[in-house]
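A quick write-up on the structure given underneath.
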Amino acid sequence: MQHIISVLVENKPRVLARVASLFARRGYNIESLAVGPTQDPAISRITLVVNGNEDILEQITKQLYKLIEVIKVGDFTNTSYVDRELALIKVNAPATVRGEVAQIAEIFRARIVDIEEKSLTVEVTGTPDKIDALEQLLRKYGIIEMTRTGRIALARGSKSL
Amino acid sequence: MKMKGAQILIELLKQEGVEVVFGYPGGAVIDIYDVLFETPEIQHVLVRHEQGAAHAADGYARSTGKVGVCMATSGPGATNLVTGLATAYMDSVPVVAITGQVGTPLIGKDSFQEADITGITMPITKHNFLVTRVEDLATVVREAFYIASTGRPGPVVIDIPKDVQQKMTEFVLPEKIRIPGYKPTYRGHVKQIALAASAIMNARRPLLYVGGGVVSSGASPHLVELAEKADIPVVHTLMGKGAFPESHRLSLGMLGMHGTYWANKAVMSCDLLIAVGARFDDRVTGRIDSFAPHAEIIHIDIDPAEIGKNVKADIPIVGDARMVLAELVKRIESKTNPEWWQEIEGFRNAYRPVYKAGEGKLMPNYVIQVIYEKTHGENTILVTDVGQHQMWAAQVYRCEKPRTWISSGGLGTMGYGLPASIGAQIGNPDKRVVLVSGDGSIFMKIQELVTAVNYCLPIKIFVMNNSYLGMVRQWQGCLYKGRYSCTRLKNPDLVTLARAFGAEGLAVEREEDLESTIEKALSVKDKPVLVDCRVAEEENVLPFVPPGKSLDEMILG
Ligand SMILES: Cc1ncc(C[n+]2csc(CCOP(=O)(O)OP(=O)(O)O)c2C)c(N)n1
Ligand SMILES: [Mg+2]
């Protein structure tokens, strides 16, 4: 089962390496990983999407807590949360199909953020499913390159991790 | 007051109560050594290889309960520490390793003698630091000692670039330590302890399974109290030797791959297993899904990640073994388990290990038996290397007190014994340090015999010389059709060798000379003595639970 885990860490060098090395060493699989600052400059948030059953998740959580610089670990499974991912997709779009591509983008509430004679770049935000679906539709025009951020998430409501 | 980084480091070591540093100098730590030159409060023990420094710091820590400190230069000096750090990590030993690093402007440029030691040691340390600003140094040293010695202890590396050692800064004593993500739990959950107490009261066949955590937390007195009050037999791991007095009527000895027959049988029959400071290692459990099949499991450990890692605990208790056991004892009534003991007597009578009188040959377990008779007591620390001799020592040499048994369990590091003995002897100058080693293991760190000679350490080294990498040979014999691939050893004469080093060298080949040779060795007071015990070559350690088999599938002989 897929889990989204949020990890608050001290904003220090090598913290990310410690987390990544822990996953590699213990054989846990990371589907995606996103890291960035929080409202407190001393603290960063790492959002991990991992696969595993309850026992594995419990081990992952406990092992993360063993890292000295990990402050808090939360699993969003079985809670109410919002999660988002962002993708940039650069797609072949000569004049003949540009309208079509733009239309598809619009249906997905994606924005066109760069345009050039033969291509355009689409920015899309949403759940991974939505991004997958858009990617699927754009494939037939030829995707030149694309990048995804990995998922980030926050709990719904006023409480925090 | 303005001070150089190197001075701040030494000042902080003094503040932490460090009395001895095991190390080896080099270009990237020369500034620290320069300060040590004028620091009589701290003894520096010069080893002959940095791995020896790490093992010595580890042996010092295990035998004294204090933090062991080692030091090495950047690059090769630091990488030589790695095996020692991994050894300490696997057995949860508080060690602080100080490494020099190339100057900060040179980091990341593949500079001369640069190695990313914080990167390299990430998975084998509890934590590590690269100090990039001299202003941070004092706080880092404080935190390093705090992290190494609290919670589940472990090694911590402080990597200090050369320019940080040289830079001047205002020296301010760090205030209270504040590590937001590090708060070990010491006190067990009251409700869980109550559950454990009632499980113990209800159990008919309870069994205590105790490990190194009992030793490191100082829980032994409470353990004895608990076992006696509720009449519970005790089995220990290799790391748990000395946690519970082995001559106590409630002790069943060691469990696991080379455990006693009755200890393993008791595990397979108990209805309640109380694990204290033990981590269900595969060498202990054998086939995990058939381990303690009838038992409810109470698991007491300071490291939450150990609970549920290998087996599911019915009553998990996160906390310090000493505090939890102290609470637990209060909550149980005196009881006895006569039927259970009758069953255990049955196990004891079903199999008696026989000492095969040697047909003129010296039997290794008999040698250790005589060493035991001649040396055991509160004042003796027994250190081992890794292999068959280690297991025979574990089986035969009974330990009554914590911190009197020192052996590399988790990593199983051949070569650990001699440098660890040095650390133990330096930390306990009035005690007798006895090392049981093998002819393979001793050569892994033989250069440290120089250190032992230089510092006049009267370590008694008994090499069980079987001309084999015996433990591997045993596996080849039992599991690989007797194909002894590359396990035969051709050794030089150990007596001549010991003497060349400036140590005393003795040899014994016949049973009738054993006692007198051991006595002679024990009389050497001002230098190490190495006794070449030329034992029977192809003896096997029994019982033997082959890997992957269940504990009741012991090979008995
Ligand atoms: C550094 C290291 N290398 C290899 C091994 C694998 N190993 C385990 S026991 C053993 C043989 C040890 O030989 P010896 O010291 O002579 O002890 P014996 O088993 O003969 O008593 C070996 C090679 C190890 N544990 N450590
Ligand atoms: Mg041998």
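Simple scheme: letters A, B, ... for chains in structure tokens order, numbers from 1 for residues in each chain, numbers from 1 for ligands in the order shown.
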
Query raised in the report: Do you know which residues are at most 7 Å from stretch 140-143 of chain B counting only C-alpha atoms, after dropping those on the same chain fewer than 4 positions away, and could you put them as a VMD selection string?
Result: chain B and resid 12 136 147 177

Query - Residues of chain B within 9 Å of chain A, only C-alpha atoms counted, as a list in words - result: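 The complete set of qualifying residues is Gly119, Met122, Pro123, Lys126, His127, Ile147, Ile179, Pro180, Gly181, Tyr182, Asp303, Pro304, Ala305, Glu306, Ile307, Gly308 and Lys309 of chain B.
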
Query raised in the report: What lies within 12 Å of A:Ile107 using only C-alpha atoms, ignoring chain neighbours under 6 positions off, as a list in words?
Result: Glu100, Val101, Val124, Lys130, Ala133, Leu134 and Leu137 of chain A

**Report entry** Nearest to ligand 1 by atom-to-atom distance, counting only C-alpha atoms and all ligand atoms, from B:Asn310, B:Ser441, B:Asn264, B:Asn349
**Finding:** B:Ser441

Query raised in the report: If you run DSSP on the backbone, which residues of stretch 238-324 of chain B are alpha helix (DSSP H), as a list in words?
Result: Tyr261, Trp262, Ala263, Asn264, Lys265, Ala266, Val267, Met268, Ser269, Asp282, Arg283, Val284, Thr285, Ala321, Arg322, Met323 and Val324 of chain B

Take the residues that were just selected and, keeping N, CA and C atoms, output them as a PDB file, in the first residue's frame.
ATOM      1  N   TYR B 261      22.198 -26.617  25.178  1.00  0.00           N
ATOM      2  CA  TYR B 261      21.049 -27.424  24.770  1.00  0.00           C
ATOM      3  C   TYR B 261      19.800 -26.989  25.526  1.00  0.00           C
ATOM      4  N   TRP B 262      19.961 -26.835  26.870  1.00  0.00           N
ATOM      5  CA  TRP B 262      18.787 -26.543  27.692  1.00  0.00           C
ATOM      6  C   TRP B 262      18.289 -25.102  27.510  1.00  0.00           C
ATOM      7  N   ALA B 263      19.210 -24.182  27.205  1.00  0.00           N
ATOM      8  CA  ALA B 263      18.756 -22.806  26.958  1.00  0.00           C
ATOM      9  C   ALA B 263      17.875 -22.780  25.710  1.00  0.00           C
ATOM     10  N   ASN B 264      18.334 -23.426  24.657  1.00  0.00           N
ATOM     11  CA  ASN B 264      17.552 -23.436  23.428  1.00  0.00           C
ATOM     12  C   ASN B 264      16.244 -24.202  23.592  1.00  0.00           C
ATOM     13  N   LYS B 265      16.301 -25.305  24.332  1.00  0.00           N
ATOM     14  CA  LYS B 265      15.069 -26.055  24.586  1.00  0.00           C
ATOM     15  C   LYS B 265      14.081 -25.204  25.375  1.00  0.00           C
ATOM     16  N   ALA B 266      14.585 -24.470  26.345  1.00  0.00           N
ATOM     17  CA  ALA B 266      13.712 -23.629  27.156  1.00  0.00           C
ATOM     18  C   ALA B 266      13.033 -22.566  26.290  1.00  0.00           C
ATOM     19  N   VAL B 267      13.789 -22.014  25.338  1.00  0.00           N
ATOM     20  CA  VAL B 267      13.192 -21.019  24.438  1.00  0.00           C
ATOM     21  C   VAL B 267      12.040 -21.638  23.657  1.00  0.00           C
ATOM     22  N   MET B 268      12.272 -22.866  23.205  1.00  0.00           N
ATOM     23  CA  MET B 268      11.259 -23.501  22.371  1.00  0.00           C
ATOM     24  C   MET B 268      10.034 -23.932  23.183  1.00  0.00           C
ATOM     25  N   SER B 269      10.158 -23.996  24.505  1.00  0.00           N
ATOM     26  CA  SER B 269       9.043 -24.476  25.329  1.00  0.00           C
ATOM     27  C   SER B 269       8.369 -23.390  26.156  1.00  0.00           C
ATOM     28  N   ASP B 282      19.741 -12.914  14.163  1.00  0.00           N
ATOM     29  CA  ASP B 282      19.551 -14.220  13.517  1.00  0.00           C
ATOM     30  C   ASP B 282      20.451 -15.310  14.102  1.00  0.00           C
ATOM     31  N   ARG B 283      21.600 -14.921  14.664  1.00  0.00           N
ATOM     32  CA  ARG B 283      22.458 -15.918  15.307  1.00  0.00           C
ATOM     33  C   ARG B 283      21.828 -16.415  16.625  1.00  0.00           C
ATOM     34  N   VAL B 284      20.884 -15.659  17.135  1.00  0.00           N
ATOM     35  CA  VAL B 284      20.207 -16.027  18.372  1.00  0.00           C
ATOM     36  C   VAL B 284      18.930 -16.816  18.084  1.00  0.00           C
ATOM     37  N   THR B 285      18.180 -16.369  17.101  1.00  0.00           N
ATOM     38  CA  THR B 285      16.838 -16.940  16.912  1.00  0.00           C
ATOM     39  C   THR B 285      16.848 -18.185  16.041  1.00  0.00           C
ATOM     40  N   ALA B 321      16.472  -0.299  30.296  1.00  0.00           N
ATOM     41  CA  ALA B 321      16.281  -1.600  30.947  1.00  0.00           C
ATOM     42  C   ALA B 321      16.303  -1.467  32.472  1.00  0.00           C
ATOM     43  N   ARG B 322      17.205  -0.641  32.971  1.00  0.00           N
ATOM     44  CA  ARG B 322      17.332  -0.516  34.420  1.00  0.00           C
ATOM     45  C   ARG B 322      16.052   0.071  35.032  1.00  0.00           C
ATOM     46  N   MET B 323      15.564   1.134  34.424  1.00  0.00           N
ATOM     47  CA  MET B 323      14.369   1.774  34.967  1.00  0.00           C
ATOM     48  C   MET B 323      13.143   0.891  34.825  1.00  0.00           C
ATOM     49  N   VAL B 324      13.023   0.246  33.672  1.00  0.00           N
ATOM     50  CA  VAL B 324      11.835  -0.583  33.441  1.00  0.00           C
ATOM     51  C   VAL B 324      11.843  -1.778  34.387  1.00  0.00           C
TER      52      VAL B 324
END

Requested in this report: Kindly indicate which residue among B:Thr451, B:Asn80, B:Thr139, B:Pro105 lies nearest to B:Ile117, using only C-alpha atoms for the distances.
Outcome: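 Selected residue with least distance to B:Ile117: B:Asn80.
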
Query - Exercise answer, 8 Å around ligand 2 with only C-alpha atoms and all ligand atoms, as a ChimeraX atom specification - result: /B:387-389,438-441,464-471,489

Query raised in the report: Could you list, as a ChimeraX atom specification, all the residues within 10 Å of ligand 1, counting only C-alpha atoms and all ligand atoms?
Result: /B:83,364,384-393,408-409,411-417,436-445,463-475,486-489,535,537-541

Check the DSSP output for the backbone and give back, as a compact mmCIF listing (two decimals) with C-alpha atoms, in the first residue's frame, the residues of stretch 431-552 of chain B in strand (DSSP E or B).
# COMPACT_ATOMS: atom_id res chain seq x y z
CA ARG B 432 43.60 -8.78 35.02
CA VAL B 433 42.85 -8.72 31.32
CA VAL B 434 42.77 -12.13 29.64
CA LEU B 435 42.44 -12.46 25.88
CA VAL B 436 41.31 -15.66 24.24
CA SER B 437 42.24 -15.40 20.56
CA GLY B 438 42.72 -17.61 17.54
CA LYS B 460 47.46 -12.50 29.08
CA ILE B 461 47.00 -13.62 25.50
CA PHE B 462 45.98 -17.22 24.92
CA VAL B 463 45.98 -18.16 21.26
CA MET B 464 43.93 -21.27 20.54
CA ASN B 465 46.22 -22.33 17.75
CA TYR B 468 42.83 -23.28 10.85
CA ARG B 488 44.33 -24.00 6.48
CA GLU B 504 56.83 -12.95 26.83
CA GLY B 505 56.17 -15.98 24.66
CA LEU B 506 55.15 -19.41 25.93
CA ALA B 507 53.79 -22.51 24.31
CA VAL B 508 51.88 -25.54 25.51
CA VAL B 529 52.49 -12.60 27.53
CA LEU B 530 51.35 -14.68 24.60
CA VAL B 531 50.70 -18.35 25.13
CA ASP B 532 50.62 -20.48 22.02
CA CYS B 533 48.10 -23.20 22.92
CA ARG B 534 48.61 -25.86 20.27
CA PHE B 544 25.53 -26.10 16.52
CA SER B 550 15.23 -23.79 14.20

**Report entry** Residues near B:Lys14, cut-off 12 Å, only C-alpha atoms, skip fewer than 3 positions along chain, as a PyMOL selection string
**Finding:** chain B and resi 7-11+17-21+36+39-43+69+138+141-142+145

Requested in this report: In Å, rounded to a single decimal, give me how far atom CA of B:Arg249 is from atom CA of B:Ser217.
Outcome: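 Atom-to-atom, atom CA of B:Ser217 to atom CA of B:Arg249, that is 23.3 Å.
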
Query raised in the report: So which residues touch B:Leu130 within 9 Å, counting only C-alpha atoms, skipping near sequence neighbours fewer than 4 positions away, as a VMD selection string?
Result: chain B and resid 101 117 to 118 157 to 161

Report task. Could you jot down the atom CA of B:Leu551 to atom CA of B:Gly256 separation for me, Å, one decimal place? Result -> 6.8 Å

Query raised in the report: What lies within 9 Å of stretch 95-97 of chain A using only C-alpha atoms, ignoring chain neighbours under 3 positions off, as a ChimeraX atom specification?
Result: /A:92,100-102,117-118,141
